[in-house]
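Worksheet: the structure to be examined is printed underneath.
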Amino acid sequence: MSLKNEPRVNTSALQKIAADMSNLIENLDTRELHFEGEEVDYDVSPSDPKTQEACIPFSAIYKTQGFKEPNIQTYLSGCPVQAQVLEVERFTSTTRVPSINLYTIELTHGEFKWQVKRKFKHFQEFHRELLKYKAFIRIPIPTRRHTFRRQNVKEEPREMPSLPRSSENMIREEQFFGRRKQLEDYLTKLLKMPMYRNYHATTEFLDISQLSFIHDLGPKGIEGMIMKRSGGHRIPGLNCCGQGRACYRWSKRWLIVKDSFLLYMKPDSGAIAFVLLVDKEFKIKVGKKETETKYGLRIDNLSRTLILKCNSYRHARWWGGAIEEFIQKHGTNFLKDHRFGSYAAVQENTLAKWYVNAKGYFEDVANAMEEAEEEIFITDWWLSPEIFLKRPVVEGNRWRLDCILKRKAQQGVRIFVMLYKEVELALGINSEYSKRTLMRLHPNIKVMRHPDHVSSSVYLWAHHEKIVVIDQSVAFVGGIDLAYGRWDDNEHRLTDVGSVKRVTGGLSSLGSFTAETTESMESLSLKNEKESSKNVPTSKSVDDMDSKLKGIGKSRKFSKFSLYRQLHRHHLHNVDSISSIGSASSYCNHCRSRQNLIHGLKPHLKLFRSSSKSEQGLPRPDTDTSSLRSLQTGMGELHGETRFWHGKDYCNFVFKDWVQLDKPFADFIDRYSTPRMPWHDIASAVHGKAARDVARHFIQRWNFTKIMKSKYRSLSYPFLLPKSQTTAHELKYQVPGSVHANVQLLRSAADWSAGIKYHEESIHTAYINVIENSKHYIYIENQFFISCADDKVVFNKIGDAIAQRILKAHREGQRYRVYVVIPLLPGFEGDISTGGGNALQAIMHFNYRTMCRGENSILGQLKAKRSPEAFPRVTLATMRSSARPKPVGHGEKSRGSRHWLRPIRPPARVGGPPFPSISRQPEHKRGFLSRDRPGGGGGDAPALPRGCSRSLSPVPGSANINDRSMLGRRDSEMNVLVQDTETVPSVMDGQAYPAGRFARGLRLQCFRVVLGYLSDPSENIQDPVSDKFFKEVWVATAARNATIYDKVFRCLPNDEVHNLIQLRDFITKPILAREDPIRAEEELKKIRGFLVQFPFYFLSEESLLPSVGTKEAMVPTEVWT
């Protein structure tokens, strides 16, 4: 029946007719309905190319609709649903009920197979519902939904298959087979008719929904309509009257059980209303005693007690048994206690990769984000939206973080970001600005901040993980935030005064120019080699351009000759202005050869060239391969030094903390007079099941925060779902350079951070286990070194484990080494020449307490055992760098006689960020290496799973060695334990040794960076245990570098300074760098790498704890430990 020819009538009359028709249909006895001979059976050949199976994308979880909506996608396109009645069982012994049998129906749809149990009365109710629908769809009710439904089904056949009419009580047992066949044929015919197959009553009868056939959600699980009780969360403040016992409500929900989680949806809107993850505390109980509800079903996990109500006790038993059976079959790995008490299992044969410093890490993160198709998860202690992930900046803003995220969001990728919500009085990271900036980019970007300090009473602890997850298939975990100050490479530069000059010629013709670099490499004189016109090129300095091109990323109206307009004309309008273009102008990558650099720039050079007709036929200007710092643009030539750190990214948090973060491209320190603080750190990438584990942690935190904070309970912030481990091997993208290893995720999490019943400190447990089981050496780089438990102030036992392992090696006469590299100074703002600030001194106190001061320290424990000969087995070092400020050619005063000295460090914050680490090896580098061979012998790793003969055990991640990170109840952290399965030839203690590929590569890179052997393979650093390496390379390098720095700069901290009086005298003495710059320059040429000895006796006669009356003294001691 068509609606096109219906006459127009009064709207109010139509509304009355519609109401009457609706009432009529609702009261219609569909058992009397019978429509004959209108349509024919509808069948589709599975071989038809139009019916080939098409997967439902994972992104469909964010587009669910109400169950009764007419055009929702439930089935796989072109894929038939096959039904088979497997068995009939007698449901009851009485014959008084009409349905005495229970039919088990197996259904198959593509790769999915599941079973439902139905009585004959359920078939009858289902059939009547379809007859009612058939009658209702023929009535032209003038509503939008009904009209849409009629238009979609009007051309389809409507002949209903017949259902047996006789009661089950009237047939004999030998006739049951025929009844099974009749019901099977009924379902088979019905499911070939889209009109009935897509009806919501059919999907409910088959126990399917919009989330049933999504490939990445794993096998089809148990589904059905249930009643659920509110409350049960293990979050203080979320339950009324004590866990909801006196105040709760019942709601109708659609329950879905998957292999690693269950969820329920609201039928009216289709919205996912809650997600419960399967974990080691997952249990199911049935009965009124357990649930305080008649016919109740109780499901427990670490986060919630969920109470469901069923129709009968038998029904509750069936639900409980079916859920338990399904989880045991498909998700048993999530129910187990895993090694070290971790939430995650050991994932074998996993692709993994390490990073030393942020350069390679940021580049791989950017490339992975570019390949994202469905989701991007990011959680950081601090995130700066305007940070560049690839440097130098040669493609404008293309690789700026906010631009990447906006581009992917526009492509349909869902992006979820979780940020630590700082205490604003203590920290200036301005997470509110980061959230606001990202949320404005696109509706597909959602940002949460946590915790709310007042409602949660969490003031002292921080979310400290640094995680990026792409499509739940690739995950990056480490100690590097996507924030200012983190990007660095192996050079750890102290200066970045990049600037540009431009020379322009007539637009009607172009000549070839040769750049001659002046002493400063910034002031350039340009000569015209071949004049092709009468126009004489003119030179403009940076000062002349600053007023026109100032400010990165801001589109301003420039002068008549506007570089910005020219870039816009060539679709490069996103190029930064002066600072960005300054970086782009050099387009130099110091790791490439000049030829490779110029070759790589050809596409960009071509874009920049003018397309005016007057240029046609002119010879192409010769490329200036003599200067890596020039770029022919077609409008002139940009010359200058590469600028790697733009605006707030150029920082020195000891000199001055960040301010005005809402002005990202404005410098807040003078880069011509203040050196930047280098940043040394490590990170890792994992794939497959390990990436799924990282995503699971993020999802748990996201869903917990959504429940806890009322502002995030709206539908615009969706619940997240973990992908199934069964599809984890299907990698759409793989990080280049990854190797196979066994990987386990470790974390610190608690009720406040993840909403779990018991806290987890698997990082702490793993550290101790790895140290205790190490055979030859351990190598630690960390931002803090606060340990050695006294069970009063400090509780983590990592320092104690190190001391005991050294004593064990001493007793057994074993050659054993401990390398510890920490920051020279904590990353707090303060002047060390006056003793430093109270916060800085407090951290120094606890660091020294761990290393060498007091009976609980490592050296104190060794002395107590009267084992001074054990001292040479342990070495503590740090990192330092120096540089001469470069003369500036545009009006700046030359500082040729001045040098800059800086320790290398990551930033430290009271809330739990990283510390500055110039003087420590990898400061923000929360890295740990231990070598071990299970079953005895040498090795590069501890505590290995069986089946691995030799392996290394690096533990990179965000955790510091202190109580905040290790105890689990405080800061939230995430680390990765990697154990090699692939070996390469190496040397251990002078003997041939098959070392793990992953950990050996990481250790060698760390050694090369700190020792200065990146480009010099002359020294053999293969054997970390031998006396030759330990004494002649490591100890000798640290001692020589420390001596030279003391001689040239008389730098602090220093072992000559034991108290504040000596400190004042020390800083008044002459410095060689000022007295004799030439001699100082010669001495500094002897420096190799960054390694220096750690000064054990600095201010040893002073109490470094905050003085009474200061604001730092009012802060609980737990903040510092």
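If you're wondering about the labels, chains in the structure tokens are A, B, ... by order shown, residues count from 1 in each chain, ligands from 1 in order shown.
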
Strand (DSSP E) positions in segment 280-376 of chain A, given as number ranges by chain: A: 283-286, 296-300, 305-309, 347-356, 375-376

Near-segment 464-476 of chain A list (7 Å; only C-alpha atoms; drop same-chain fewer than 2 positions) as an MDAnalysis selection string: chainID A and resid 368:369 372:381 462 478:481 684:688 691:692 694:695 723 728 731 912:913 958 971:974

Residues near Leu494 of chain A, cut-off 8 Å, only C-alpha atoms, skip fewer than 2 positions along chain, as a short mmCIF file (atom, residue, chain, number, x, y, z; two decimals) with N, CA, C and O atoms, in the first residue's frame:
```
data_model
loop_
_atom_site.label_atom_id
_atom_site.label_comp_id
_atom_site.auth_asym_id
_atom_site.auth_seq_id
_atom_site.Cartn_x
_atom_site.Cartn_y
_atom_site.Cartn_z
N HIS A 492 71.19 16.21 24.02
CA HIS A 492 70.83 16.97 25.22
C HIS A 492 71.34 18.41 25.14
O HIS A 492 72.11 18.88 25.98
N ASP A 496 69.00 26.79 22.22
CA ASP A 496 68.10 26.67 21.08
C ASP A 496 67.66 28.07 20.70
O ASP A 496 66.57 28.52 21.05
N PRO A 675 70.02 28.73 29.84
CA PRO A 675 70.05 27.44 29.14
C PRO A 675 68.78 26.64 29.45
O PRO A 675 68.15 26.83 30.49
N ARG A 676 68.41 25.77 28.53
CA ARG A 676 67.27 24.89 28.77
C ARG A 676 67.73 23.72 29.65
O ARG A 676 68.92 23.42 29.76
N MET A 677 66.74 23.06 30.23
CA MET A 677 67.02 21.88 31.04
C MET A 677 66.81 20.64 30.18
O MET A 677 65.69 20.35 29.76
N PRO A 678 67.86 19.91 29.88
CA PRO A 678 67.69 18.69 29.07
C PRO A 678 66.82 17.66 29.80
O PRO A 678 66.66 17.71 31.02
N SER A 881 75.92 18.31 31.78
CA SER A 881 76.30 18.76 30.45
C SER A 881 76.68 20.23 30.53
O SER A 881 76.33 20.93 31.48
N SER A 882 77.42 20.68 29.52
CA SER A 882 77.81 22.09 29.46
C SER A 882 77.80 22.54 28.02
O SER A 882 77.85 21.73 27.09
N ALA A 883 77.72 23.86 27.83
CA ALA A 883 77.73 24.41 26.48
C ALA A 883 78.14 25.86 26.53
O ALA A 883 77.95 26.54 27.54
N TRP A 900 77.70 27.64 29.92
CA TRP A 900 76.55 27.19 30.67
C TRP A 900 76.80 25.77 31.16
O TRP A 900 77.29 24.92 30.44
N ARG A 902 74.80 22.57 33.14
CA ARG A 902 73.49 22.11 33.58
C ARG A 902 73.51 20.62 33.87
O ARG A 902 74.12 19.84 33.16
#
```

Near-segment 334-340 of chain A list (7 Å; only C-alpha atoms; drop same-chain fewer than 2 positions) as a PyMOL selection string: chain A and resi 260+278-280+282+331-332+342-345+762+765-766

With C-alpha atoms retained, write the just-selected residues as a short mmCIF file (atom, residue, chain, number, x, y, z; two decimals), in the first residue's frame.
```
data_model
loop_
_atom_site.label_atom_id
_atom_site.label_comp_id
_atom_site.auth_asym_id
_atom_site.auth_seq_id
_atom_site.Cartn_x
_atom_site.Cartn_y
_atom_site.Cartn_z
CA SER A 260 36.24 -10.38 29.49
CA VAL A 278 36.03 -9.73 34.63
CA ASP A 279 38.87 -9.95 37.17
CA LYS A 280 40.25 -12.27 39.81
CA PHE A 282 34.71 -12.13 39.66
CA GLY A 331 37.85 -15.55 29.73
CA THR A 332 39.51 -17.85 32.22
CA SER A 342 49.38 -7.99 38.50
CA TYR A 343 46.00 -7.56 36.86
CA ALA A 344 47.58 -8.69 33.57
CA ALA A 345 48.93 -12.06 32.50
CA SER A 762 52.75 -5.28 41.21
CA THR A 765 56.73 -6.72 43.83
CA ALA A 766 58.29 -7.19 40.40
#
```

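Take the candidates A:Pro1116, A:Thr875, A:Asp831, A:Arg964 and check each one against Leu1091 of chain A using only C-alpha atoms; the shortest distance goes to A:Thr875.
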
Shortest interatomic distance to Gly1089 of chain A - which of A:Lys757, A:Val1119, A:Leu1014, A:Gln1062, counting only C-alpha atoms: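 The closest residue to Gly1089 of chain A is A:Leu1014.
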
Which residue of A:Ala135, A:Leu163, A:Ala366, A:Leu721 approaches Phe274 of chain A most closely, using only C-alpha atoms: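 The closest residue to Phe274 of chain A is A:Leu721.
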